[in-house]
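Student: Supplied structure: coords.txt, compact mmCIF, C-alpha atoms.
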```
# COMPACT_ATOMS: atom_id res chain seq x y z
CA MET A 1 -5.11 -28.42 -1.80
CA GLY A 2 -1.97 -29.04 0.27
CA TRP A 3 -1.74 -29.15 4.05
CA PRO A 4 -0.36 -25.58 4.38
CA LYS A 5 -3.32 -24.18 2.45
CA LEU A 6 -5.76 -26.27 4.47
CA PHE A 7 -4.15 -25.04 7.69
CA VAL A 8 -4.41 -21.39 6.60
CA ALA A 9 -8.03 -21.89 5.52
CA GLY A 10 -8.81 -23.54 8.86
CA VAL A 11 -7.25 -20.67 10.83
CA ILE A 12 -9.26 -18.13 8.83
CA MET A 13 -12.49 -20.04 9.41
CA VAL A 14 -11.82 -20.28 13.15
CA LEU A 15 -11.10 -16.54 13.40
CA LEU A 16 -14.26 -15.70 11.45
CA ALA A 17 -16.29 -18.01 13.69
CA LEU A 18 -14.88 -16.38 16.84
CA TRP A 19 -15.64 -12.94 15.37
CA GLU A 20 -19.21 -13.99 14.60
CA LEU A 21 -19.75 -15.48 18.05
CA ALA A 22 -18.26 -12.44 19.80
CA CYS A 23 -20.54 -10.03 17.92
CA ARG A 24 -23.66 -12.06 18.64
CA GLY A 25 -22.71 -13.10 22.18
CA LEU A 26 -21.87 -9.54 23.26
CA ASP A 27 -24.82 -8.16 21.26
CA LEU A 28 -22.60 -5.53 19.64
CA PRO A 29 -24.42 -2.88 17.58
CA VAL A 30 -23.88 -3.15 13.84
CA TYR A 31 -22.54 0.39 13.70
CA ILE A 32 -19.76 -0.62 16.14
CA LEU A 33 -18.67 -4.00 14.76
CA PRO A 34 -20.81 -6.01 12.33
CA PRO A 35 -20.45 -9.81 12.23
CA PRO A 36 -18.76 -11.42 9.19
CA SER A 37 -22.08 -12.86 8.00
CA ARG A 38 -23.59 -9.38 7.74
CA ILE A 39 -20.48 -8.02 6.00
CA ALA A 40 -20.66 -10.79 3.40
CA LEU A 41 -24.40 -10.17 2.94
CA VAL A 42 -23.90 -6.41 2.45
CA ALA A 43 -21.02 -7.05 0.03
CA VAL A 44 -23.39 -9.09 -2.14
CA VAL A 45 -26.63 -7.13 -1.68
CA LYS A 46 -24.91 -3.78 -2.26
CA ALA A 47 -22.98 -5.05 -5.29
CA ARG A 48 -24.81 -2.66 -7.61
CA LEU A 49 -23.70 0.25 -5.43
CA ILE A 50 -20.15 -0.97 -4.83
CA GLY A 51 -19.49 -2.29 -8.35
CA PRO A 52 -19.16 1.04 -10.24
CA HIS A 53 -16.90 2.44 -7.52
CA ALA A 54 -14.81 -0.76 -7.57
CA LEU A 55 -14.45 -0.42 -11.34
CA ALA A 56 -13.19 3.16 -10.97
CA THR A 57 -10.66 2.12 -8.32
CA ALA A 58 -9.56 -0.88 -10.40
CA MET A 59 -8.94 1.37 -13.41
CA GLU A 60 -6.83 3.69 -11.25
CA ILE A 61 -4.83 0.76 -9.88
CA VAL A 62 -4.18 -0.83 -13.28
CA ALA A 63 -3.18 2.52 -14.77
CA GLY A 64 -0.93 3.14 -11.77
CA ILE A 65 0.75 -0.25 -12.26
CA LEU A 66 1.37 0.46 -15.95
CA LEU A 67 2.77 3.90 -15.16
CA ALA A 68 5.00 2.45 -12.43
CA LEU A 69 6.32 -0.20 -14.83
CA ALA A 70 7.01 2.44 -17.48
CA VAL A 71 9.17 4.32 -14.97
CA ALA A 72 10.66 1.50 -12.87
CA ILE A 73 12.04 -0.74 -15.63
CA PRO A 74 14.01 1.95 -17.54
CA LEU A 75 15.15 3.48 -14.25
CA ALA A 76 16.49 0.16 -12.96
CA ILE A 77 18.32 -0.46 -16.26
CA VAL A 78 19.90 3.01 -16.26
CA MET A 79 20.95 2.70 -12.62
CA PHE A 80 22.48 -0.70 -13.30
CA ALA A 81 24.35 0.55 -16.37
CA TRP A 82 25.74 3.61 -14.52
CA PRO A 83 26.45 2.85 -10.82
CA ALA A 84 27.33 6.49 -10.21
CA LEU A 85 23.80 7.43 -11.25
CA GLU A 86 22.44 4.83 -8.83
CA ARG A 87 24.35 6.42 -5.96
CA ALA A 88 22.99 9.83 -6.95
CA LEU A 89 19.37 8.72 -7.29
CA ALA A 90 19.20 6.34 -4.32
CA PRO A 91 18.45 9.10 -1.75
CA PHE A 92 15.59 10.41 -3.88
CA LEU A 93 14.11 6.90 -4.25
CA VAL A 94 14.22 6.37 -0.50
CA ALA A 95 12.78 9.84 0.12
CA SER A 96 9.85 9.09 -2.19
CA GLN A 97 8.84 6.30 0.19
CA ALA A 98 9.85 8.00 3.44
CA VAL A 99 7.44 10.90 2.94
CA PRO A 100 3.99 9.94 4.34
CA VAL A 101 1.47 9.25 1.61
CA PHE A 102 -1.10 11.48 3.29
CA ALA A 103 1.33 14.40 3.00
CA VAL A 104 1.60 14.00 -0.78
CA ALA A 105 -2.01 13.13 -1.63
CA PRO A 106 -3.50 16.62 -1.00
CA LEU A 107 -0.83 18.20 -3.20
CA LEU A 108 -1.54 15.81 -6.07
CA VAL A 109 -5.26 16.56 -5.80
CA VAL A 110 -4.52 20.30 -5.94
CA TRP A 111 -2.19 19.91 -8.92
CA LEU A 112 -4.10 17.27 -10.90
CA GLY A 113 -7.67 17.76 -9.74
CA TYR A 114 -10.31 15.41 -8.34
CA GLY A 115 -10.26 13.08 -11.34
CA MET A 116 -8.39 9.83 -11.86
CA ALA A 117 -5.01 11.39 -12.66
CA SER A 118 -4.08 12.16 -9.05
CA LYS A 119 -5.08 8.64 -7.91
CA ILE A 120 -3.15 6.99 -10.73
CA LEU A 121 -0.02 8.94 -9.87
CA MET A 122 -0.46 8.20 -6.16
CA ALA A 123 -0.71 4.48 -6.87
CA ALA A 124 2.32 4.63 -9.19
CA VAL A 125 4.44 6.39 -6.54
CA ILE A 126 3.82 3.53 -4.12
CA ILE A 127 4.24 0.73 -6.67
CA PHE A 128 7.36 1.77 -8.58
CA PHE A 129 9.78 1.61 -5.63
CA PRO A 130 9.62 -2.16 -4.89
CA ILE A 131 9.73 -2.92 -8.62
CA THR A 132 12.78 -0.72 -9.19
CA VAL A 133 14.69 -2.01 -6.18
CA SER A 134 13.90 -5.67 -6.87
CA LEU A 135 14.78 -5.46 -10.57
CA LEU A 136 18.03 -3.64 -9.83
CA ALA A 137 18.93 -6.28 -7.22
CA GLY A 138 18.20 -8.96 -9.81
CA PHE A 139 20.56 -7.37 -12.33
CA LYS A 140 23.31 -7.11 -9.73
CA SER A 141 22.91 -10.73 -8.62
CA CYS A 142 23.81 -12.06 -12.07
CA ASP A 143 26.54 -14.70 -11.97
CA ARG A 144 29.99 -13.13 -12.40
CA ASP A 145 31.26 -16.01 -14.56
CA LEU A 146 28.40 -15.56 -17.00
CA ARG A 147 29.16 -11.83 -17.21
CA LEU A 148 32.80 -12.60 -18.05
CA LEU A 149 31.69 -15.14 -20.64
CA PHE A 150 29.58 -12.53 -22.43
CA GLU A 151 32.50 -10.09 -22.38
CA LEU A 152 34.88 -12.72 -23.79
CA MET A 153 32.39 -13.49 -26.56
CA GLY A 154 32.31 -9.81 -27.52
CA GLY A 155 28.75 -9.10 -26.46
CA ASN A 156 27.81 -5.50 -25.77
CA PHE A 157 25.75 -4.27 -22.85
CA PHE A 158 22.42 -4.36 -24.66
CA GLN A 159 22.98 -7.92 -25.87
CA ALA A 160 23.89 -8.96 -22.33
CA LEU A 161 20.84 -7.13 -21.01
CA ARG A 162 18.51 -8.97 -23.37
CA LEU A 163 20.06 -12.43 -23.19
CA LEU A 164 21.54 -12.56 -19.70
CA TYR A 165 20.64 -9.84 -17.22
CA TRP A 166 16.92 -9.60 -17.95
CA PRO A 167 16.19 -13.36 -17.83
CA TRP A 168 18.32 -13.63 -14.70
CA ALA A 169 16.47 -10.76 -12.99
CA LEU A 170 12.94 -11.90 -13.90
CA PRO A 171 12.30 -13.76 -10.60
CA HIS A 172 13.35 -10.64 -8.68
CA PHE A 173 11.20 -8.48 -10.96
CA PHE A 174 8.10 -10.56 -10.31
CA ALA A 175 8.80 -10.59 -6.57
CA GLY A 176 8.85 -6.79 -6.59
CA LEU A 177 5.78 -6.64 -8.81
CA LYS A 178 3.86 -8.86 -6.38
CA VAL A 179 4.72 -6.49 -3.55
CA GLY A 180 3.74 -3.52 -5.71
CA VAL A 181 0.32 -4.82 -6.75
CA SER A 182 -0.37 -5.90 -3.16
CA VAL A 183 -0.06 -2.30 -1.93
CA ALA A 184 -1.45 -0.68 -5.07
CA THR A 185 -4.87 -0.23 -3.47
CA ILE A 186 -3.32 1.95 -0.75
CA GLY A 187 -2.35 4.79 -3.09
CA ALA A 188 -5.62 4.81 -5.00
CA VAL A 189 -7.82 4.65 -1.89
CA ILE A 190 -5.87 7.34 -0.02
CA GLY A 191 -6.17 9.59 -3.05
CA GLU A 192 -9.92 8.98 -3.06
CA TRP A 193 -10.12 9.75 0.65
CA VAL A 194 -8.46 13.13 0.13
CA GLY A 195 -10.65 14.16 -2.77
CA ALA A 196 -12.67 12.21 -5.32
CA GLN A 197 -16.05 11.89 -6.95
CA GLN A 198 -16.06 8.10 -7.23
CA GLY A 199 -14.12 5.05 -6.15
CA LEU A 200 -14.11 2.69 -3.17
CA GLY A 201 -12.24 5.18 -0.99
CA TYR A 202 -14.89 7.80 -1.74
CA LEU A 203 -17.64 5.27 -0.93
CA MET A 204 -15.94 4.38 2.38
CA ILE A 205 -15.86 8.03 3.44
CA GLN A 206 -19.53 8.46 2.59
CA ALA A 207 -20.54 5.26 4.40
CA ASN A 208 -18.45 6.10 7.46
CA ALA A 209 -20.09 9.54 7.73
CA ARG A 210 -23.49 7.78 7.86
CA LEU A 211 -22.28 5.18 10.41
CA GLN A 212 -22.80 2.43 7.82
CA VAL A 213 -19.94 0.41 9.26
CA ASP A 214 -21.14 -2.80 7.62
CA LEU A 215 -20.82 -1.11 4.23
CA VAL A 216 -17.32 0.10 5.12
CA PHE A 217 -16.31 -3.47 5.94
CA ALA A 218 -17.95 -4.69 2.73
CA VAL A 219 -15.86 -2.22 0.73
CA ILE A 220 -12.74 -3.43 2.57
CA LEU A 221 -13.72 -6.97 1.58
CA TRP A 222 -13.98 -5.92 -2.07
CA LEU A 223 -10.57 -4.22 -1.83
CA SER A 224 -9.06 -7.36 -0.32
CA VAL A 225 -10.46 -9.49 -3.12
CA MET A 226 -9.07 -7.04 -5.69
CA GLY A 227 -5.63 -7.14 -4.07
CA LEU A 228 -5.61 -10.93 -3.90
CA GLY A 229 -6.78 -11.11 -7.49
CA LEU A 230 -3.95 -8.89 -8.72
CA TRP A 231 -1.41 -10.85 -6.67
CA SER A 232 -2.71 -14.15 -8.07
CA LEU A 233 -2.67 -12.78 -11.62
CA VAL A 234 0.98 -11.74 -11.29
CA GLY A 235 1.79 -15.18 -9.87
CA TRP A 236 0.02 -16.84 -12.81
CA ILE A 237 1.96 -14.73 -15.31
CA GLU A 238 5.21 -15.47 -13.46
CA GLY A 239 4.56 -19.20 -13.65
CA ARG A 240 4.40 -18.99 -17.44
CA VAL A 241 7.08 -16.40 -18.12
CA VAL A 242 9.60 -17.88 -15.68
CA ALA A 243 8.60 -21.50 -16.27
CA TRP A 244 12.27 -22.50 -16.50
CA ARG A 245 12.61 -22.00 -12.74
```
Now, as a test, write the supplied structure out as structure tokens.
Tutor:
Amino acid sequence: MGWPKLFVAGVIMVLLALWELACRGLDLPVYILPPPSRIALVAVVKARLIGPHALATAMEIVAGILLALAVAIPLAIVMFAWPALERALAPFLVASQAVPVFAVAPLLVVWLGYGMASKILMAAVIIFFPITVSLLAGFKSCDRDLRLLFELMGGNFFQALRLLYWPWALPHFFAGLKVGVSVATIGAVIGEWVGAQQGLGYLMIQANARLQVDLVFAVILWLSVMGLGLWSLVGWIEGRVVAWR
């Protein structure tokens, strides 16, 4: 482990220690602010309760990522191939992110019901934007001399896309995908807050109504681990797919 990682780990440990000491020194009630030790204990002890809800949320997130990829990659390619289409669609892409998520979530629940479909679509709406923008930026950043070389060699657009543009844009694509998976939990959880029968967001609402603040924090801990796990998985895949970097 390098010095930067050791420094970050040390800062986290110090903050957790200060949190623990503040809770115990001020004798704060658990339903106001539980100490980290209690949160970790509840996260483990209540694993049987949290686990099924975490699985439901994880399925929504993974499905949302796949749906976002199915939309973002073709959309970025089409917008790169036809710049006029990019100029026409750009306002709609920005508007999809400018509208507050809480304003859209109730509509999706009404249209798609309380099942997983509304949560999957909510997660996909949040994820697809950074992937689309990053991939499009990667295509545009391709070296001009290499573009001219492909044209002089008689290569068509699809050959250039496969052999030049796509490999060139892969680092940008993975950068956008990392951002997307990092915020993927937001869409799924907000959808579960608005209306659901299972999931970590649903469990948080139930625990909060009963003043089980330690359980709420434990669920947040599980969500954080899920987000870090997805981010690390994308980084691992990137290290093998873009090994030539």
Student: Could you check which of A:Trp168, A:Phe150, A:Phe157, A:Tyr31 is closest to Asn208 of chain A, using all atoms listed in the file?
Tutor: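 Counting all atoms listed in the file, the residue closest to Asn208 of chain A is A:Tyr31.
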Student: Find the residues around Ile39 of chain A up to 8 Å (only C-alpha atoms counted), leave out those fewer than 6 positions away in its own chain, and share them as a ChimeraX atom specification.
Tutor: /A:214-215,217-218
Student: Select, from A:Arg38, A:Arg87, A:Lys5, A:Lys119, the residue with the minimum atom-to-atom distance to Gly195 of chain A, counting only C-alpha atoms.
Tutor: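 Smallest separation from Gly195 of chain A among the options: A:Lys119.
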Student: For Phe174 of chain A, please output as a list in words all residues within 9 Å (counting all atoms listed in the file; exclusion window: fewer than 2 positions along the same chain).
Tutor: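 My reading of the contact set: Ile131, Ser134, Leu135, Ala169, Leu170, Pro171, His172, Gly176, Leu177, Lys178, Val179, Val234, Gly235, Ile237 and Glu238 of chain A.
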Student: Can you write out the residues you just picked, keeping C-alpha atoms, as a PDB file, in the frame of the given file?
Tutor:
```
ATOM      1  CA  ILE A 131       9.730  -2.920  -8.620  1.00  0.00           C
ATOM      2  CA  SER A 134      13.900  -5.670  -6.870  1.00  0.00           C
ATOM      3  CA  LEU A 135      14.780  -5.460 -10.570  1.00  0.00           C
ATOM      4  CA  ALA A 169      16.470 -10.760 -12.990  1.00  0.00           C
ATOM      5  CA  LEU A 170      12.940 -11.900 -13.900  1.00  0.00           C
ATOM      6  CA  PRO A 171      12.300 -13.760 -10.600  1.00  0.00           C
ATOM      7  CA  HIS A 172      13.350 -10.640  -8.680  1.00  0.00           C
ATOM      8  CA  GLY A 176       8.850  -6.790  -6.590  1.00  0.00           C
ATOM      9  CA  LEU A 177       5.780  -6.640  -8.810  1.00  0.00           C
ATOM     10  CA  LYS A 178       3.860  -8.860  -6.380  1.00  0.00           C
ATOM     11  CA  VAL A 179       4.720  -6.490  -3.550  1.00  0.00           C
ATOM     12  CA  VAL A 234       0.980 -11.740 -11.290  1.00  0.00           C
ATOM     13  CA  GLY A 235       1.790 -15.180  -9.870  1.00  0.00           C
ATOM     14  CA  ILE A 237       1.960 -14.730 -15.310  1.00  0.00           C
ATOM     15  CA  GLU A 238       5.210 -15.470 -13.460  1.00  0.00           C
TER      16      GLU A 238
END
```
Student: Could you please determine the separation between atom CA of Leu223 of chain A and atom CA of Gly199 of chain A in Å, to one decimal place?
Tutor: 10.8 Å
Student: Of the candidates A:Leu221, A:Leu148, A:Val133, A:Ala103, which shows the shortest atom-to-atom distance to Leu164 of chain A, using all atoms listed in the file?
Tutor: A:Leu148
Student: Determine, using all atoms listed in the file, which residues of segment 116-160 of chain A have any atom at most 9 Å from an atom of segment 68-76 of chain A, and tabulate each with its shortest atom pair and distance in Å to one decimal place, rows ordered by chain and then rising number, as a tab-separated table.
Tutor:
```
residue	atom	partner	partner_atom	distance
A:Leu121	CA	A:Ala68	CA	8.6
A:Ala123	CA	A:Ala68	CA	8.2
A:Ala124	CA	A:Ala68	CA	4.7
A:Val125	CA	A:Ala68	CA	7.1
A:Ile126	CA	A:Ala68	CA	8.5
A:Ile127	CA	A:Ala68	CA	6.1
A:Phe128	CA	A:Ala68	CA	4.6
A:Phe129	CA	A:Ala72	CA	7.3
A:Pro130	CA	A:Ala72	CA	8.8
A:Ile131	CA	A:Ala72	CA	6.2
A:Thr132	CA	A:Ala72	CA	4.8
A:Val133	CA	A:Ala76	CA	7.3
A:Ser134	CA	A:Ala76	CA	8.8
A:Leu135	CA	A:Ala76	CA	6.3
A:Leu136	CA	A:Ala76	CA	5.2
A:Ala137	CA	A:Ala76	CA	9.0
A:Phe139	CA	A:Ala76	CA	8.6
```
Student: Quick check, in Å to one decimal: how far apart do atom CA of Ser182 of chain A and atom CA of Gly227 of chain A lie?
Tutor: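 Computed distance, atom CA of Ser182 of chain A to atom CA of Gly227 of chain A, equals 5.5 Å.
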Student: Quick one: distance from atom CA of Gly154 of chain A to atom CA of Ala81 of chain A in Å, one decimal?
Tutor: 17.2 Å
Student: Which residues of segment 55-119 of chain A come within 7 Å of segment 188-194 of chain A, and what is each one's closest atom pair and distance in Å (one decimal), counting all atoms listed in the file, sorted by chain and residue number, as CSV?
Tutor:
```
residue,atom,partner,partner_atom,distance
A:Thr57,CA,A:Ala188,CA,6.6
A:Glu60,CA,A:Ala188,CA,6.5
A:Ile61,CA,A:Ala188,CA,6.4
A:Ala105,CA,A:Gly191,CA,5.6
A:Pro106,CA,A:Val194,CA,6.2
A:Ser118,CA,A:Gly191,CA,6.9
A:Lys119,CA,A:Ala188,CA,4.8
```
Student: Check the smallest atom-to-atom distance from each of A:Met122, A:Leu33, A:Leu85, A:Ala40 to Phe102 of chain A using all atoms listed in the file, then report the winner.
Tutor: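 For Phe102 of chain A, the nearest of the given residues is A:Met122.
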Student: Applying 12 Å and all atoms listed in the file, which residues near Leu55 of chain A remain after dropping the ones on its own chain fewer than 4 positions away? List them as a ChimeraX atom specification.
Tutor: /A:47-51,59-62,116,198-201,222-223,226
Student: Rank A:Ile120, A:Ala243, A:Val44, A:Leu67 by their smallest atom-to-atom distance to Val219 of chain A, using only C-alpha atoms, and report the top residue only.
Tutor: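 Nearest to Val219 of chain A: A:Val44.
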Student: So, counting all atoms listed in the file, which residue among A:Tyr165, A:Trp231, A:Tyr114, A:Trp236 is closest to Tyr202 of chain A?
Tutor: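 Among A:Tyr165, A:Trp231, A:Tyr114, A:Trp236, it is A:Tyr114 that comes nearest to Tyr202 of chain A.
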Student: Just the residues within 10 Å of segment 10-20 of chain A, please, counting all atoms listed in the file, with nothing from its chain fewer than 3 positions along; format it as a ChimeraX atom specification.
Tutor: /A:4-7,23-25,33-38
